[in-house]
Amino acid sequence: WDVDDLLDPIRNGLSHNGKLYAAPFYGESSMMMYRKDLFAAKGLSMPEQPTWGQVYEFARALHNPPSVYGICLRGKASWGENMAFITTVANSFGARWFDNDWNPQFD
């Protein structure tokens, strides 16, 4: 592998003073995809950086089962398939799993 292929945030998280100390075993980018046609039909517009509150409101406005469900998240069994996104949501609100002394921060 080529160390220059690592994304800066991943490389920086494994480095100190510019020196890489570990090889990453995992990295992920979060993104949201949406249907422009459904948004247009409801008069909705997607902001450049939507908040989770806005995502909720969009899902609520679009929810019309059984033909349209307002949101689709990961659903396969296993942590990486259905729980990994929770870290992204938590980080968006300033949360973290542990403090610097490894004390759990989620109650």
# chains A, B, ... in the order shown; residues from 1 in each chain; ligands from 1

call {"tool": "select_by_dssp", "arguments": {"residues": "chain A", "states": "strand (DSSP E)", "output": "list in words"}}
result
Ser15, His16, Lys19 and Leu20 of chain A

call {"tool": "residues_around", "arguments": {"residues": "range 72-79 of chain A", "least_positions_apart": "3", "cutoff": "10 Å", "atoms": "only C-alpha atoms", "output": "mmCIF file with C-alpha atoms, in the first residue's frame"}}
result
data_model
loop_
_atom_site.group_PDB
_atom_site.id
_atom_site.type_symbol
_atom_site.label_atom_id
_atom_site.label_comp_id
_atom_site.auth_asym_id
_atom_site.auth_seq_id
_atom_site.Cartn_x
_atom_site.Cartn_y
_atom_site.Cartn_z
ATOM 1 C CA MET A 32 -26.297 11.183 2.539
ATOM 2 C CA MET A 33 -28.036 10.450 -0.719
ATOM 3 C CA TYR A 34 -31.518 11.626 -1.498
ATOM 4 C CA ALA A 59 -37.799 11.947 6.428
ATOM 5 C CA TYR A 69 -40.394 5.424 3.419
ATOM 6 C CA ASN A 82 -26.071 -1.173 11.563
ATOM 7 C CA MET A 83 -24.327 0.655 14.404
ATOM 8 C CA ALA A 84 -21.247 2.361 12.971
ATOM 9 C CA PHE A 85 -23.273 5.387 11.915
#

call {"tool": "closest_residue", "arguments": {"among": "A:Asp37, A:Val55, A:Leu6, A:Lys42", "to": "Phe25 in chain A", "atoms": "only C-alpha atoms"}}
result
A:Leu6

call {"tool": "select_by_dssp", "arguments": {"residues": "chain A", "states": "helix (DSSP H, G or I)", "output": "MDAnalysis selection string"}}
result
chainID A and resid 3:5 8:13 36:41 52:62 79:82 84:92

call {"tool": "write_last_selection", "arguments": {"atoms": "N, CA, C and O atoms", "output": "compact mmCIF listing (two decimals), in the first residue's frame"}}
result
# COMPACT_ATOMS: atom_id res chain seq x y z
N VAL A 3 1.40 4.93 1.49
CA VAL A 3 1.00 5.79 2.61
C VAL A 3 0.38 7.10 2.13
O VAL A 3 -0.48 7.66 2.80
N ASP A 4 0.75 7.55 0.96
CA ASP A 4 0.17 8.80 0.43
C ASP A 4 -1.28 8.64 -0.01
O ASP A 4 -1.94 9.63 -0.30
N ASP A 5 -1.77 7.41 -0.07
CA ASP A 5 -3.18 7.17 -0.40
C ASP A 5 -4.10 7.37 0.80
O ASP A 5 -5.31 7.44 0.63
N ASP A 8 -6.13 12.42 4.82
CA ASP A 8 -5.45 13.19 5.87
C ASP A 8 -6.01 12.96 7.27
O ASP A 8 -5.23 12.77 8.21
N PRO A 9 -7.33 12.98 7.48
CA PRO A 9 -7.83 12.76 8.85
C PRO A 9 -7.44 11.39 9.41
O PRO A 9 -7.16 11.27 10.60
N ILE A 10 -7.41 10.37 8.57
CA ILE A 10 -7.02 9.03 9.03
C ILE A 10 -5.53 9.01 9.34
O ILE A 10 -5.11 8.55 10.40
N ARG A 11 -4.75 9.56 8.43
CA ARG A 11 -3.30 9.59 8.65
C ARG A 11 -2.94 10.41 9.88
O ARG A 11 -2.11 10.00 10.71
N ASN A 12 -3.57 11.56 10.05
CA ASN A 12 -3.27 12.42 11.21
C ASN A 12 -3.65 11.76 12.52
O ASN A 12 -2.98 11.97 13.55
N GLY A 13 -4.71 10.96 12.52
CA GLY A 13 -5.13 10.27 13.74
C GLY A 13 -4.16 9.18 14.17
O GLY A 13 -4.21 8.73 15.32
N LYS A 36 -33.89 13.69 -5.61
CA LYS A 36 -34.28 15.06 -5.95
C LYS A 36 -35.73 15.14 -6.40
O LYS A 36 -36.41 16.13 -6.11
N ASP A 37 -36.22 14.12 -7.07
CA ASP A 37 -37.61 14.15 -7.53
C ASP A 37 -38.59 14.17 -6.37
O ASP A 37 -39.59 14.90 -6.40
N LEU A 38 -38.31 13.37 -5.33
CA LEU A 38 -39.20 13.37 -4.17
C LEU A 38 -39.13 14.69 -3.41
O LEU A 38 -40.15 15.20 -2.92
N PHE A 39 -37.94 15.25 -3.30
CA PHE A 39 -37.79 16.55 -2.65
C PHE A 39 -38.55 17.63 -3.42
O PHE A 39 -39.26 18.45 -2.82
N ALA A 40 -38.41 17.64 -4.74
CA ALA A 40 -39.09 18.65 -5.57
C ALA A 40 -40.61 18.52 -5.43
O ALA A 40 -41.32 19.53 -5.34
N ALA A 41 -41.11 17.29 -5.41
CA ALA A 41 -42.56 17.07 -5.29
C ALA A 41 -43.12 17.62 -3.99
O ALA A 41 -44.27 18.04 -3.93
N TRP A 52 -28.97 16.98 11.71
CA TRP A 52 -29.76 15.78 11.94
C TRP A 52 -31.23 16.12 12.16
O TRP A 52 -32.11 15.34 11.80
N GLY A 53 -31.49 17.29 12.72
CA GLY A 53 -32.88 17.74 12.87
C GLY A 53 -33.55 17.93 11.51
O GLY A 53 -34.72 17.57 11.32
N GLN A 54 -32.83 18.49 10.55
CA GLN A 54 -33.36 18.65 9.20
C GLN A 54 -33.57 17.30 8.53
O GLN A 54 -34.59 17.09 7.86
N VAL A 55 -32.63 16.38 8.72
CA VAL A 55 -32.78 15.04 8.14
C VAL A 55 -34.06 14.39 8.67
O VAL A 55 -34.83 13.79 7.91
N TYR A 56 -34.29 14.55 9.96
CA TYR A 56 -35.52 14.02 10.56
C TYR A 56 -36.76 14.64 9.90
O TYR A 56 -37.71 13.94 9.55
N GLU A 57 -36.76 15.95 9.76
CA GLU A 57 -37.92 16.63 9.17
C GLU A 57 -38.13 16.23 7.71
O GLU A 57 -39.28 16.06 7.26
N PHE A 58 -37.06 16.07 6.95
CA PHE A 58 -37.18 15.60 5.56
C PHE A 58 -37.79 14.21 5.53
O PHE A 58 -38.72 13.93 4.75
N ALA A 59 -37.29 13.32 6.39
CA ALA A 59 -37.80 11.95 6.43
C ALA A 59 -39.28 11.95 6.79
O ALA A 59 -40.08 11.21 6.19
N ARG A 60 -39.63 12.78 7.73
CA ARG A 60 -41.03 12.87 8.16
C ARG A 60 -41.94 13.36 7.03
O ARG A 60 -43.03 12.85 6.81
N ALA A 61 -41.46 14.37 6.29
CA ALA A 61 -42.24 14.93 5.19
C ALA A 61 -42.40 13.95 4.03
O ALA A 61 -43.43 13.95 3.35
N LEU A 62 -41.41 13.12 3.81
CA LEU A 62 -41.44 12.19 2.68
C LEU A 62 -42.10 10.86 2.99
O LEU A 62 -42.51 10.14 2.08
N TRP A 79 -22.10 -4.97 13.80
CA TRP A 79 -21.86 -3.61 14.24
C TRP A 79 -21.58 -2.68 13.07
O TRP A 79 -22.14 -1.61 12.97
N GLY A 80 -20.71 -3.09 12.16
CA GLY A 80 -20.33 -2.23 11.06
C GLY A 80 -21.45 -1.95 10.09
O GLY A 80 -21.42 -0.96 9.36
N GLU A 81 -22.45 -2.79 10.07
CA GLU A 81 -23.55 -2.61 9.13
C GLU A 81 -24.74 -1.85 9.70
O GLU A 81 -25.52 -1.29 8.95
N ASN A 82 -24.88 -1.85 11.04
CA ASN A 82 -26.07 -1.17 11.56
C ASN A 82 -25.81 -0.24 12.75
O ASN A 82 -26.72 0.43 13.20
N ALA A 84 -22.39 1.47 13.18
CA ALA A 84 -21.25 2.36 12.97
C ALA A 84 -21.68 3.81 12.78
O ALA A 84 -20.99 4.73 13.21
N PHE A 85 -22.83 4.02 12.15
CA PHE A 85 -23.27 5.39 11.91
C PHE A 85 -23.60 6.13 13.21
O PHE A 85 -23.60 7.37 13.24
N ILE A 86 -23.85 5.41 14.29
CA ILE A 86 -24.16 6.05 15.57
C ILE A 86 -22.99 6.93 16.02
O ILE A 86 -23.18 8.01 16.59
N THR A 87 -21.76 6.49 15.78
CA THR A 87 -20.59 7.29 16.13
C THR A 87 -20.61 8.61 15.38
O THR A 87 -20.34 9.67 15.96
N THR A 88 -20.95 8.57 14.10
CA THR A 88 -21.03 9.80 13.30
C THR A 88 -22.10 10.74 13.86
O THR A 88 -21.86 11.94 14.00
N VAL A 89 -23.26 10.19 14.19
CA VAL A 89 -24.33 11.02 14.76
C VAL A 89 -23.88 11.60 16.09
O VAL A 89 -24.03 12.80 16.35
N ALA A 90 -23.31 10.77 16.95
CA ALA A 90 -22.86 11.24 18.26
C ALA A 90 -21.79 12.32 18.13
O ALA A 90 -21.86 13.35 18.81
N ASN A 91 -20.83 12.10 17.25
CA ASN A 91 -19.77 13.10 17.05
C ASN A 91 -20.34 14.41 16.55
O ASN A 91 -19.83 15.48 16.87
N SER A 92 -21.41 14.35 15.75
CA SER A 92 -22.04 15.57 15.24
C SER A 92 -22.55 16.45 16.36
O SER A 92 -22.66 17.66 16.22

call {"tool": "atom_distance", "arguments": {"atom1": "CA of Ser30 in chain A", "atom2": "CA of Asn103 in chain A"}}
result
26.3 Å

call {"tool": "atom_distance", "arguments": {"atom1": "CA of Trp1 in chain A", "atom2": "CA of Ala23 in chain A"}}
result
9.9 Å

call {"tool": "decode", "arguments": {"residues": "range 5-18 of chain A", "atoms": "all heavy atoms", "output": "short mmCIF file (atom, residue, chain, number, x, y, z; two decimals), in the first residue's frame"}}
result
data_model
loop_
_atom_site.label_atom_id
_atom_site.label_comp_id
_atom_site.auth_asym_id
_atom_site.auth_seq_id
_atom_site.Cartn_x
_atom_site.Cartn_y
_atom_site.Cartn_z
N ASP A 5 -1.77 7.41 -0.07
CA ASP A 5 -3.18 7.17 -0.40
C ASP A 5 -4.10 7.37 0.80
O ASP A 5 -5.31 7.44 0.63
CB ASP A 5 -3.37 5.75 -0.94
CG ASP A 5 -2.78 5.57 -2.32
OD1 ASP A 5 -2.58 6.58 -3.02
OD2 ASP A 5 -2.50 4.41 -2.69
N LEU A 6 -3.55 7.45 2.01
CA LEU A 6 -4.38 7.64 3.20
C LEU A 6 -4.99 9.03 3.22
O LEU A 6 -4.33 10.03 2.92
CB LEU A 6 -3.55 7.45 4.47
CG LEU A 6 -2.96 6.07 4.71
CD1 LEU A 6 -2.10 6.08 5.96
CD2 LEU A 6 -4.05 5.03 4.81
N LEU A 7 -6.26 9.09 3.58
CA LEU A 7 -6.91 10.39 3.76
C LEU A 7 -6.27 11.10 4.94
O LEU A 7 -5.91 10.47 5.94
CB LEU A 7 -8.40 10.20 4.02
CG LEU A 7 -9.20 9.51 2.90
CD1 LEU A 7 -10.61 9.22 3.37
CD2 LEU A 7 -9.20 10.34 1.64
N ASP A 8 -6.13 12.42 4.82
CA ASP A 8 -5.45 13.19 5.87
C ASP A 8 -6.01 12.96 7.27
O ASP A 8 -5.23 12.77 8.21
CB ASP A 8 -5.46 14.69 5.54
CG ASP A 8 -4.48 15.04 4.43
OD1 ASP A 8 -3.55 14.25 4.16
OD2 ASP A 8 -4.65 16.13 3.83
N PRO A 9 -7.33 12.98 7.48
CA PRO A 9 -7.83 12.76 8.85
C PRO A 9 -7.44 11.39 9.41
O PRO A 9 -7.16 11.27 10.60
CB PRO A 9 -9.35 12.88 8.71
CG PRO A 9 -9.56 13.70 7.49
CD PRO A 9 -8.43 13.32 6.56
N ILE A 10 -7.41 10.37 8.57
CA ILE A 10 -7.02 9.03 9.03
C ILE A 10 -5.53 9.01 9.34
O ILE A 10 -5.11 8.55 10.40
CB ILE A 10 -7.40 7.96 7.99
CG1 ILE A 10 -8.92 7.87 7.87
CG2 ILE A 10 -6.79 6.61 8.34
CD1 ILE A 10 -9.41 7.02 6.74
N ARG A 11 -4.75 9.56 8.43
CA ARG A 11 -3.30 9.59 8.65
C ARG A 11 -2.94 10.41 9.88
O ARG A 11 -2.11 10.00 10.71
CB ARG A 11 -2.62 10.17 7.41
CG ARG A 11 -1.12 10.11 7.49
CD ARG A 11 -0.49 10.58 6.20
NE ARG A 11 0.95 10.50 6.29
CZ ARG A 11 1.75 10.55 5.27
NH1 ARG A 11 1.28 10.65 4.05
NH2 ARG A 11 3.05 10.49 5.44
N ASN A 12 -3.57 11.56 10.05
CA ASN A 12 -3.27 12.42 11.21
C ASN A 12 -3.65 11.76 12.52
O ASN A 12 -2.98 11.97 13.55
CB ASN A 12 -3.98 13.76 11.07
CG ASN A 12 -3.44 14.58 9.91
OD1 ASN A 12 -2.33 14.34 9.42
ND2 ASN A 12 -4.23 15.53 9.45
N GLY A 13 -4.71 10.96 12.52
CA GLY A 13 -5.13 10.27 13.74
C GLY A 13 -4.16 9.18 14.17
O GLY A 13 -4.21 8.73 15.32
N LEU A 14 -3.32 8.75 13.27
CA LEU A 14 -2.36 7.68 13.56
C LEU A 14 -0.93 8.20 13.61
O LEU A 14 0.02 7.42 13.62
CB LEU A 14 -2.47 6.59 12.50
CG LEU A 14 -3.84 5.92 12.40
CD1 LEU A 14 -3.89 5.03 11.16
CD2 LEU A 14 -4.15 5.13 13.64
N SER A 15 -0.78 9.52 13.62
CA SER A 15 0.55 10.13 13.55
C SER A 15 0.78 11.06 14.74
O SER A 15 -0.16 11.53 15.37
CB SER A 15 0.68 10.94 12.26
OG SER A 15 0.52 10.14 11.13
N HIS A 16 2.06 11.32 15.00
CA HIS A 16 2.46 12.30 15.99
C HIS A 16 3.66 13.06 15.42
O HIS A 16 4.63 12.44 14.97
CB HIS A 16 2.83 11.63 17.32
CG HIS A 16 3.24 12.60 18.38
ND1 HIS A 16 2.34 13.46 18.97
CD2 HIS A 16 4.44 12.85 18.96
CE1 HIS A 16 2.98 14.20 19.86
NE2 HIS A 16 4.27 13.84 19.87
N ASN A 17 3.55 14.38 15.45
CA ASN A 17 4.61 15.23 14.88
C ASN A 17 4.98 14.81 13.46
O ASN A 17 6.14 14.77 13.09
CB ASN A 17 5.86 15.23 15.76
CG ASN A 17 5.62 15.92 17.08
OD1 ASN A 17 4.82 16.86 17.17
ND2 ASN A 17 6.31 15.47 18.12
N GLY A 18 3.95 14.46 12.69
CA GLY A 18 4.15 14.12 11.29
C GLY A 18 4.63 12.72 11.01
O GLY A 18 4.80 12.33 9.85
#
